[in-house]
There are 4 protein chains.
Amino acid sequence: MTDWETEISDSGEDAVVRGTPLEEVMDMEFADSIWLLLTGEKPSEKESEMFNTILSSSIDHGVGNPSTVSARTVQSGGNDMNTSVAAGVLALGDKHGGAIEDCMEMLQNGQAAEEVVEEYLESGKTIPGIGHKVYKDEDPRAQKIFGKADELNLSGEAVEKMKSIREVFAEEKVELVINVDGAIAAVMSDLGWDHRLGKGLFIIARTPGLVAHVREEMDEEDFRREDGDYTGE
Amino acid sequence: MTDWETEISDSGEDAVVRGTPLEEVMDMEFADSIWLLLTGEKPSEKESEMFNTILSSSIDHGVGNPSTVSARTVQSGGNDMNTSVAAGVLALGDKHGGAIEDCMEMLQNGQAAEEVVEEYLESGKTIPGIGHKVYKDEDPRAQKIFGKADELNLSGEAVEKMKSIREVFAEEKVELVINVDGAIAAVMSDLGWDHRLGKGLFIIARTPGLVAHVREEMDEEDFRREDGDYTGE
Amino acid sequence: MTDWETEISDSGEDAVVRGTPLEEVMDMEFADSIWLLLTGEKPSEKESEMFNTILSSSIDHGVGNPSTVSARTVQSGGNDMNTSVAAGVLALGDKHGGAIEDCMEMLQNGQAAEEVVEEYLESGKTIPGIGHKVYKDEDPRAQKIFGKADELNLSGEAVEKMKSIREVFAEEKVELVINVDGAIAAVMSDLGWDHRLGKGLFIIARTPGLVAHVREEMDEEDFRREDGDYTGE
Amino acid sequence: MTDWETEISDSGEDAVVRGTPLEEVMDMEFADSIWLLLTGEKPSEKESEMFNTILSSSIDHGVGNPSTVSARTVQSGGNDMNTSVAAGVLALGDKHGGAIEDCMEMLQNGQAAEEVVEEYLESGKTIPGIGHKVYKDEDPRAQKIFGKADELNLSGEAVEKMKSIREVFAEEKVELVINVDGAIAAVMSDLGWDHRLGKGLFIIARTPGLVAHVREEMDEEDFRREDGDYTGE
């Protein structure tokens with residue numbers, strides 16, 4: 001039998017989150033509680049402002065992406081809120097929402113920008129955090145995040161490294177923008193967050209969007225059926 | 001084929017949330033963005049303060065409850081963050097985190113407190129929102145929520161009805177406290193939230209806790225195996 | 001702490017399924033092992049033949065239905081086999097694959113056909129197990145199942161009741177066919193299966209289909225994105 | 001928008017599985033239908049017998065493993081059959097049920113046994129398919145599978161390679177048994193199955209077990225709560 005132990009929280013009369021009594025946590029902003037829960041420390045005022053911007057930036061992005069399609073399709077099969085939202089979270093695999101974590105890992109791996117670019121060029125893989133389908137000069141959301149990080153004096157080595165990677169890649173191959181995933185990954189790294197929380201961060205930010213879509217789907221009568229073609233013999 | 005339409009948000013260059021451009025949403029607190037996303041309106045300052053308290057109150061409650069056990073067990077089977085968090089969300093069924101939604105429905109059904117209590121007494125079911133294993137005189141978290149709602153001048157008919165239900169039940173059967181689910185349900189109802197968002201609200205608040213537990217479980221080497229007994233022939 | 005006890009199976013050196021040593025189970029057909037596992041008894045030869053037909057009838061039904069769309073969409077987000085298949089199983093809610101269980105419950109509730117029809121007519125709900133989009137005279141798969149049940153001498157009271165419900169409904173309202181869900185529900189009821197296993201039966205039968213679709217999706221490069229429209233202001 | 005196309009099956013009046021009309025599939029044993037669905041061919045009689053043994057061998061293994069714990073815990077939170085079974089499937093990650101797929105990949109990678117063992121010894125990883133907690137001389141289920149494969153004249157290169165890997169490892173490091181995962185992986189490889197179906201095979205075989213456990217859990221009144229300890233400050 002396994003032991004169920006945690007350093008995160010306790011419940012009941014002794015309810016605490018990372019050593020802070022729950023009743024005190026109830027006086028904190030939600031974003032600050034999330035920060036405390038995941039890092040063990042309360043954020044400074046500047047960290048809090050930055051973190052709110054990053055969470056809000058990912059809250060929802062339209063109806064056609066895999067997680068929303070999955071959540072709404074499952075609801076339409078006659079399922080409750082929790083089952084449907086979970087189906088949306090399941091869709092958030094390596095290719096959907098995964099760039100933040102990959103990019104944080106790249107920024108935290110101790111390599112110089114030149115080494116990073118060289119390795120990616122050799123492997124033939126895409127560098128996470130740069131490139132955008134539409135924006136060729138700059139991604140306005142990435143700019144907003146970088147601007148706020150500068151204003152709040154929170155930019156550090158990871159932001160620097162992200163920008164260097166973009167420059168080295170431009171010299172070696174092609175000019176691309178830093179996208180919003182790259183900006184989030186860089187700033188969160190400078191805020192001291194472990195890359196293994198990158199996907200979790202995105203899940204926290206996007207769950208409200210999934211709840212909203214499942215609620216909207218509840219008003220649709222029929223279940224979701226796509227036109228499918230059989231291409232076998 | 002179904003049409004994929006939504007009134008919630010758009011993505012890409014036209015990214016908006018409920019008509020508000022995403023870049024403007026990025027200047028909002030995360031809790032306020034959630035409110036906008038789910039109700040279509042920005043909260044007032046008072047509503048925002050109340051909402052932050054309610055979200056923070058449910059952020060995590062120890063390691064032994066079904067959603068945490070499920071999320072950590074799935075991680076231990078060798079799974080990624082999204083798969084493991086989703087397993088935790090799945091556990092949040094009717095009996096686990098469901099009292100808020102049931103209680104909101106009860107408070108929004110148009111019946112008088114007396115009718116509500118009578119129906120529950122006849123059905124033999126438990127009234128959601130009252131009763132606590134430990135607290136017999138008052139639940140301090142419920143008190144804190146009611147206190148803040150009064151201070152901010154946000155208490156209304158639903159809070160009133162919740163208190164009446166407790167009183168009628170005390171006269172008819174037994175004296176119980178209003179618990180934290182009852183306080184949340186009453187205040188969220190007075191804030192104008194549809195009961196069909198009750199479970200979603202809890203999922204949003206608890207997802208950060210699930211992320212924290214899955215991250216902690218990643219540091220455990222072995223997978224979770226319970227001692228099981230075969231009691232067949 | 002809860003006790004983990006089961007009457008179903010044991011593992012390790014003492015591995016058994018419902019009292020039958022695992023090594024003996026390994027000499028059984030898979031469908032017979034499923035029957036043993038779920039009922040506690042080995043099926044007769046006739047029951048086995050009938051059960052194989054019912055399982056095979058539901059193994060896969062094209063690409064456009066909610067469970068397949070959900071499973072393939074989640075795979076396309078960059079997820080493993082288990083995560084993707086689970087997303088497909090999640091879609092199998094009350095409205096998708098749920099008719100078998102609802103129909104079994106109706107056939108096992110002790111009411112006469114007339115009472116059943118009357119109650120459904122009053123409630124305005126659809127009677128599970130009758131009606132088909134395409135087939136107006138007879139559903140060939142339902143006919144095949146009923147034919148085999150007759151041949152094998154396995155038809156009993158539930159098949160009788162299902163046919164009576166169809167007839168009473170035809171007299172009261174409109175002529176409809178018994179569909180494949182109705183035939184499965186009736187025969188499984190006559191085979192002594194508890195209605196609470198109706199959905200489980202369908203999940204067992206359809207899981208191979210979900211595995212096949214997820215495997216096929218692995219060969220698709222891009223992830224699934226639907227054209228979505230924002231219809232807000 | 002993506003195209004929904006498949007070579008696997010069609011539905012409605014044209015229902016087929018891999019080109020075989022569904023009504024013909026309904027006359028096939030369930031295990032044979034699974035084989036057809038996943039490989040595109042009907043199995044020979046010998047292949048069918050072997051496949052039934054392999055599926056039945058994995059149908060259920062007691063109550064304490066992660067997938068069963070996860071499925072039952074989610075049911076206990078107040079969830080339906082599909083939601084609970086899906087939570088069990090989610091637990092079947094790389095470390096739980098993953099050895100069959102890893103072992104199939106190893107047997108299908110074109111390397112000689114010596115190369116395989118050398119690489120594993122260098123990497124420090126465990127070789128999939130060998131070793132058992134209890135059995136030191138032979139694993140009776142692996143023996144049964146190998147015995148049947150020999151009897152049916154189905155053993156080929158992969159079985160050979162598996163045995164060589166065991167021998168080379170015994171010479172280089174330590175004597176271990178081939179376990180049931182290794183036997184399944186070897187025989188399925190000789191039957192021509194793609195390693196990317198290894199996990200799917202296990203999911204198909206184990207889903208009936210998850211259904212049985214969820215059904216049993218429905219009779220338990222309380223929800224699953226483990227004793228948890230808070231070890232933070």
# chains A, B, ... in the order shown; residues from 1 in each chain; ligands from 1
call {"tool": "interface_residues", "arguments": {"of": "chain B", "to": "chain D", "cutoff": "6 Å", "atoms": "only C-alpha atoms", "output": "list in words"}}
result
Val63, Gly64, Asn65, Pro66, Ser70, Thr73, Val74, Gly77, Gly78, Asn79, Ala87, Ala91, Gly93, Asp94, Lys95, His96, Arg224, Arg225, Glu226, Asp227 and Gly228 of chain B
call {"tool": "write_last_selection", "arguments": {"atoms": "C-alpha atoms", "output": "PDB file, in the first residue's frame"}}
result
ATOM      1  CA  VAL B  63      -4.331  14.585  -0.603  1.00  0.00           C
ATOM      2  CA  GLY B  64      -6.901  11.925   0.302  1.00  0.00           C
ATOM      3  CA  ASN B  65     -10.016  12.999  -1.602  1.00  0.00           C
ATOM      4  CA  PRO B  66     -11.153  11.157  -4.763  1.00  0.00           C
ATOM      5  CA  SER B  70      -7.356   9.709  -9.081  1.00  0.00           C
ATOM      6  CA  THR B  73      -2.713   7.455  -9.412  1.00  0.00           C
ATOM      7  CA  VAL B  74      -2.998   8.138 -13.132  1.00  0.00           C
ATOM      8  CA  GLY B  77       0.921   4.903 -14.186  1.00  0.00           C
ATOM      9  CA  GLY B  78       3.319   6.878 -16.400  1.00  0.00           C
ATOM     10  CA  ASN B  79       1.164   9.686 -17.772  1.00  0.00           C
ATOM     11  CA  ALA B  87      -8.467  12.050 -14.400  1.00  0.00           C
ATOM     12  CA  ALA B  91     -13.661  12.297 -10.236  1.00  0.00           C
ATOM     13  CA  GLY B  93     -18.978  13.818 -10.066  1.00  0.00           C
ATOM     14  CA  ASP B  94     -22.294  14.310  -8.285  1.00  0.00           C
ATOM     15  CA  LYS B  95     -20.972  13.270  -4.879  1.00  0.00           C
ATOM     16  CA  HIS B  96     -17.641  15.139  -4.937  1.00  0.00           C
ATOM     17  CA  ARG B 224       0.529   3.637  -6.801  1.00  0.00           C
ATOM     18  CA  ARG B 225      -0.617   0.192  -5.836  1.00  0.00           C
ATOM     19  CA  GLU B 226      -3.113  -0.403  -3.041  1.00  0.00           C
ATOM     20  CA  ASP B 227      -3.318  -3.586  -0.998  1.00  0.00           C
ATOM     21  CA  GLY B 228      -6.307  -5.363  -2.440  1.00  0.00           C
TER      22      GLY B 228
END
call {"tool": "select_by_dssp", "arguments": {"residues": "segment 112-223 of chain B", "states": "alpha helix (DSSP H)", "output": "number ranges by chain"}}
result
B: 113-123, 140-151, 157-172, 180-190, 198-217
call {"tool": "residues_around", "arguments": {"residues": "Val117 of chain B", "least_positions_apart": "6", "cutoff": "10 Å", "atoms": "only C-alpha atoms", "output": "MDAnalysis selection string"}}
result
chainID B and resid 111 123 126:127 164:169 172:173
call {"tool": "write_last_selection", "arguments": {"atoms": "N, CA and C atoms", "output": "PDB file, in the first residue's frame"}}
result
ATOM      1  N   GLN B 111     -39.002  28.139  -5.088  1.00  0.00           N
ATOM      2  CA  GLN B 111     -39.794  27.651  -3.952  1.00  0.00           C
ATOM      3  C   GLN B 111     -39.453  28.421  -2.677  1.00  0.00           C
ATOM      4  N   SER B 123     -38.500  13.158   0.678  1.00  0.00           N
ATOM      5  CA  SER B 123     -37.682  12.318  -0.210  1.00  0.00           C
ATOM      6  C   SER B 123     -36.611  11.546   0.581  1.00  0.00           C
ATOM      7  N   THR B 126     -30.535  14.310   1.618  1.00  0.00           N
ATOM      8  CA  THR B 126     -29.844  15.330   2.394  1.00  0.00           C
ATOM      9  C   THR B 126     -29.985  16.685   1.699  1.00  0.00           C
ATOM     10  N   ILE B 127     -30.239  17.728   2.471  1.00  0.00           N
ATOM     11  CA  ILE B 127     -30.299  19.077   1.895  1.00  0.00           C
ATOM     12  C   ILE B 127     -28.875  19.551   1.608  1.00  0.00           C
ATOM     13  N   SER B 164     -32.976  30.748   5.793  1.00  0.00           N
ATOM     14  CA  SER B 164     -34.320  30.283   6.166  1.00  0.00           C
ATOM     15  C   SER B 164     -34.408  28.761   6.100  1.00  0.00           C
ATOM     16  N   ILE B 165     -33.813  28.191   5.081  1.00  0.00           N
ATOM     17  CA  ILE B 165     -33.847  26.731   4.958  1.00  0.00           C
ATOM     18  C   ILE B 165     -33.202  26.089   6.183  1.00  0.00           C
ATOM     19  N   ARG B 166     -32.069  26.642   6.600  1.00  0.00           N
ATOM     20  CA  ARG B 166     -31.403  26.117   7.795  1.00  0.00           C
ATOM     21  C   ARG B 166     -32.322  26.209   9.015  1.00  0.00           C
ATOM     22  N   GLU B 167     -32.980  27.361   9.149  1.00  0.00           N
ATOM     23  CA  GLU B 167     -33.860  27.562  10.319  1.00  0.00           C
ATOM     24  C   GLU B 167     -35.064  26.635  10.300  1.00  0.00           C
ATOM     25  N   VAL B 168     -35.704  26.539   9.146  1.00  0.00           N
ATOM     26  CA  VAL B 168     -36.879  25.653   9.047  1.00  0.00           C
ATOM     27  C   VAL B 168     -36.469  24.214   9.348  1.00  0.00           C
ATOM     28  N   PHE B 169     -35.319  23.816   8.822  1.00  0.00           N
ATOM     29  CA  PHE B 169     -34.868  22.451   9.064  1.00  0.00           C
ATOM     30  C   PHE B 169     -34.558  22.232  10.545  1.00  0.00           C
ATOM     31  N   GLU B 172     -37.880  21.703  12.227  1.00  0.00           N
ATOM     32  CA  GLU B 172     -38.522  20.448  11.841  1.00  0.00           C
ATOM     33  C   GLU B 172     -37.723  19.229  12.273  1.00  0.00           C
ATOM     34  N   LYS B 173     -36.407  19.366  12.306  1.00  0.00           N
ATOM     35  CA  LYS B 173     -35.623  18.145  12.464  1.00  0.00           C
ATOM     36  C   LYS B 173     -34.407  18.314  13.371  1.00  0.00           C
TER      37      LYS B 173
END
call {"tool": "atom_distance", "arguments": {"atom1": "atom CA of Leu38 of chain C", "atom2": "atom CA of Asn109 of chain C"}}
result
20.8 Å
call {"tool": "select_by_dssp", "arguments": {"residues": "segment 12-63 of chain B", "states": "strand (DSSP E or B)", "output": "list in words"}}
result
Val16, Val17, Thr20 and Pro21 of chain B
call {"tool": "write_last_selection", "arguments": {"atoms": "N, CA and C atoms", "output": "PDB file, in the first residue's frame"}}
result
ATOM      1  N   VAL B  16     -10.980  37.843 -29.425  1.00  0.00           N
ATOM      2  CA  VAL B  16     -11.810  38.557 -28.449  1.00  0.00           C
ATOM      3  C   VAL B  16     -12.358  37.558 -27.444  1.00  0.00           C
ATOM      4  N   VAL B  17     -12.761  38.042 -26.295  1.00  0.00           N
ATOM      5  CA  VAL B  17     -13.519  37.264 -25.315  1.00  0.00           C
ATOM      6  C   VAL B  17     -14.788  38.048 -25.045  1.00  0.00           C
ATOM      7  N   THR B  20     -14.739  41.659 -25.952  1.00  0.00           N
ATOM      8  CA  THR B  20     -13.587  42.442 -25.484  1.00  0.00           C
ATOM      9  C   THR B  20     -12.311  41.919 -26.147  1.00  0.00           C
ATOM     10  N   PRO B  21     -11.550  42.803 -26.802  1.00  0.00           N
ATOM     11  CA  PRO B  21     -10.321  42.346 -27.460  1.00  0.00           C
ATOM     12  C   PRO B  21      -9.383  41.655 -26.466  1.00  0.00           C
TER      13      PRO B  21
END
call {"tool": "residues_around", "arguments": {"residues": "segment 49-54 of chain A", "least_positions_apart": "2", "cutoff": "10 Å", "atoms": "only C-alpha atoms", "output": "PyMOL selection string"}}
result
(chain A and resi 29-32+34-35+43-47+56-59+141+144-146+148-149+152+154+180-181+183-185+187-188+191+201-202+205) or (chain B and resi 23-33)
call {"tool": "atom_distance", "arguments": {"atom1": "atom CA of Thr6 of chain B", "atom2": "atom CA of Thr2 of chain D"}}
result
18.6 Å
call {"tool": "atom_distance", "arguments": {"atom1": "atom CA of Asp102 of chain D", "atom2": "atom CA of Lys199 of chain A"}}
result
25.5 Å
call {"tool": "residues_around", "arguments": {"residues": "Glu157 of chain D", "least_positions_apart": "3", "cutoff": "8 Å", "atoms": "only C-alpha atoms", "output": "PyMOL selection string"}}
result
chain D and resi 160-161+190
call {"tool": "residues_around", "arguments": {"residues": "segment 175-177 of chain C", "least_positions_apart": "5", "cutoff": "8 Å", "atoms": "only C-alpha atoms", "output": "list in words"}}
result
Ile130, Gly131, His132, Tyr135, Lys136, Asp137, Glu138, Asp139, Arg166, Glu167, Phe169 and Ala170 of chain C
call {"tool": "write_last_selection", "arguments": {"atoms": "N, CA and C atoms", "output": "short mmCIF file (atom, residue, chain, number, x, y, z; two decimals), in the first residue's frame"}}
result
data_model
loop_
_atom_site.label_atom_id
_atom_site.label_comp_id
_atom_site.auth_asym_id
_atom_site.auth_seq_id
_atom_site.Cartn_x
_atom_site.Cartn_y
_atom_site.Cartn_z
N ILE C 130 -36.93 1.51 -30.14
CA ILE C 130 -37.74 1.51 -31.36
C ILE C 130 -37.48 2.78 -32.16
N GLY C 131 -37.66 2.64 -33.49
CA GLY C 131 -37.46 3.77 -34.38
C GLY C 131 -36.08 3.76 -35.02
N HIS C 132 -36.02 4.16 -36.29
CA HIS C 132 -34.74 4.18 -37.01
C HIS C 132 -34.83 5.23 -38.10
N TYR C 135 -34.51 2.72 -41.66
CA TYR C 135 -35.34 1.53 -41.81
C TYR C 135 -36.77 1.79 -41.32
N LYS C 136 -37.73 1.57 -42.21
CA LYS C 136 -39.13 1.80 -41.83
C LYS C 136 -39.89 0.49 -41.65
N ASP C 137 -39.49 -0.57 -42.36
CA ASP C 137 -40.19 -1.84 -42.25
C ASP C 137 -39.52 -2.77 -41.24
N GLU C 138 -38.22 -2.94 -41.40
CA GLU C 138 -37.49 -3.69 -40.38
C GLU C 138 -36.02 -3.32 -40.43
N ASP C 139 -35.36 -3.42 -39.28
CA ASP C 139 -33.93 -3.16 -39.18
C ASP C 139 -33.24 -4.52 -39.32
N ARG C 166 -43.61 -2.35 -28.98
CA ARG C 166 -43.69 -1.85 -30.35
C ARG C 166 -45.13 -1.87 -30.87
N GLU C 167 -45.82 -2.95 -30.60
CA GLU C 167 -47.21 -3.08 -31.08
C GLU C 167 -48.15 -2.08 -30.42
N PHE C 169 -47.37 0.71 -29.10
CA PHE C 169 -47.03 2.04 -29.58
C PHE C 169 -47.57 2.27 -30.99
N ALA C 170 -47.56 1.21 -31.81
CA ALA C 170 -48.10 1.32 -33.17
C ALA C 170 -49.60 1.62 -33.13
#
call {"tool": "residues_around", "arguments": {"residues": "Arg18 of chain A", "least_positions_apart": "3", "cutoff": "8 Å", "atoms": "only C-alpha atoms", "output": "list in words"}}
result
Glu7, Ile8, Ser9, Leu36, Leu37, Gly40 and Glu41 of chain A; Gly232 and Glu233 of chain D
call {"tool": "decode", "arguments": {"residues": "segment 159-170 of chain C", "atoms": "all heavy atoms", "output": "short mmCIF file (atom, residue, chain, number, x, y, z; two decimals), in the first residue's frame"}}
result
data_model
loop_
_atom_site.label_atom_id
_atom_site.label_comp_id
_atom_site.auth_asym_id
_atom_site.auth_seq_id
_atom_site.Cartn_x
_atom_site.Cartn_y
_atom_site.Cartn_z
N VAL C 159 -37.89 -10.33 -24.81
CA VAL C 159 -38.13 -10.20 -26.25
C VAL C 159 -39.63 -10.02 -26.50
O VAL C 159 -40.05 -9.15 -27.28
CB VAL C 159 -37.59 -11.45 -27.01
CG1 VAL C 159 -38.11 -11.47 -28.44
CG2 VAL C 159 -36.06 -11.47 -26.98
N GLU C 160 -40.41 -10.82 -25.80
CA GLU C 160 -41.87 -10.70 -25.88
C GLU C 160 -42.33 -9.28 -25.54
O GLU C 160 -43.10 -8.66 -26.26
CB GLU C 160 -42.48 -11.70 -24.88
CG GLU C 160 -43.90 -12.10 -25.17
CD GLU C 160 -43.98 -12.77 -26.54
OE1 GLU C 160 -43.06 -13.57 -26.90
OE2 GLU C 160 -44.94 -12.44 -27.27
N LYS C 161 -41.82 -8.78 -24.43
CA LYS C 161 -42.24 -7.44 -23.97
C LYS C 161 -41.81 -6.37 -24.95
O LYS C 161 -42.56 -5.43 -25.24
CB LYS C 161 -41.63 -7.17 -22.58
CG LYS C 161 -42.02 -5.82 -21.99
CD LYS C 161 -41.56 -5.69 -20.52
CE LYS C 161 -41.72 -4.26 -20.00
NZ LYS C 161 -41.25 -4.14 -18.60
N MET C 162 -40.61 -6.51 -25.50
CA MET C 162 -40.12 -5.52 -26.48
C MET C 162 -41.06 -5.48 -27.68
O MET C 162 -41.43 -4.40 -28.15
CB MET C 162 -38.70 -5.92 -26.91
CG MET C 162 -37.99 -4.87 -27.76
SD MET C 162 -37.50 -3.41 -26.81
CE MET C 162 -38.16 -2.08 -27.84
N LYS C 163 -41.46 -6.66 -28.15
CA LYS C 163 -42.35 -6.71 -29.32
C LYS C 163 -43.74 -6.14 -28.98
O LYS C 163 -44.36 -5.45 -29.79
CB LYS C 163 -42.45 -8.15 -29.84
CG LYS C 163 -41.12 -8.61 -30.47
CD LYS C 163 -41.17 -10.03 -31.03
CE LYS C 163 -39.85 -10.35 -31.75
NZ LYS C 163 -39.76 -11.78 -32.16
N SER C 164 -44.19 -6.40 -27.75
CA SER C 164 -45.49 -5.86 -27.33
C SER C 164 -45.44 -4.33 -27.25
O SER C 164 -46.38 -3.65 -27.63
CB SER C 164 -45.89 -6.41 -25.96
OG SER C 164 -45.98 -7.80 -26.01
N ILE C 165 -44.33 -3.82 -26.73
CA ILE C 165 -44.20 -2.35 -26.63
C ILE C 165 -44.30 -1.74 -28.03
O ILE C 165 -45.00 -0.74 -28.24
CB ILE C 165 -42.87 -1.98 -25.94
CG1 ILE C 165 -42.97 -2.30 -24.44
CG2 ILE C 165 -42.52 -0.52 -26.16
CD1 ILE C 165 -41.67 -2.19 -23.68
N ARG C 166 -43.61 -2.35 -28.98
CA ARG C 166 -43.69 -1.85 -30.35
C ARG C 166 -45.13 -1.87 -30.87
O ARG C 166 -45.60 -0.91 -31.48
CB ARG C 166 -42.81 -2.70 -31.27
CG ARG C 166 -42.50 -2.07 -32.65
CD ARG C 166 -42.11 -3.09 -33.68
NE ARG C 166 -43.25 -3.92 -34.04
CZ ARG C 166 -44.21 -3.56 -34.90
NH1 ARG C 166 -44.16 -2.40 -35.50
NH2 ARG C 166 -45.23 -4.37 -35.15
N GLU C 167 -45.82 -2.95 -30.60
CA GLU C 167 -47.21 -3.08 -31.08
C GLU C 167 -48.15 -2.08 -30.42
O GLU C 167 -48.95 -1.44 -31.10
CB GLU C 167 -47.74 -4.50 -30.84
CG GLU C 167 -47.29 -5.49 -31.91
CD GLU C 167 -47.52 -6.93 -31.45
OE1 GLU C 167 -48.52 -7.20 -30.75
OE2 GLU C 167 -46.66 -7.79 -31.78
N VAL C 168 -48.03 -1.97 -29.11
CA VAL C 168 -48.90 -1.02 -28.41
C VAL C 168 -48.64 0.39 -28.90
O VAL C 168 -49.58 1.17 -29.15
CB VAL C 168 -48.68 -1.11 -26.88
CG1 VAL C 168 -49.48 -0.03 -26.16
CG2 VAL C 168 -49.04 -2.49 -26.36
N PHE C 169 -47.37 0.71 -29.10
CA PHE C 169 -47.03 2.04 -29.58
C PHE C 169 -47.57 2.27 -30.99
O PHE C 169 -48.02 3.37 -31.33
CB PHE C 169 -45.52 2.26 -29.55
CG PHE C 169 -45.11 3.69 -29.79
CD1 PHE C 169 -45.27 4.65 -28.79
CD2 PHE C 169 -44.58 4.10 -31.02
CE1 PHE C 169 -44.91 5.98 -29.00
CE2 PHE C 169 -44.23 5.43 -31.24
CZ PHE C 169 -44.38 6.36 -30.23
N ALA C 170 -47.56 1.21 -31.81
CA ALA C 170 -48.10 1.32 -33.17
C ALA C 170 -49.60 1.62 -33.13
O ALA C 170 -50.12 2.43 -33.90
CB ALA C 170 -47.82 0.04 -33.95
#
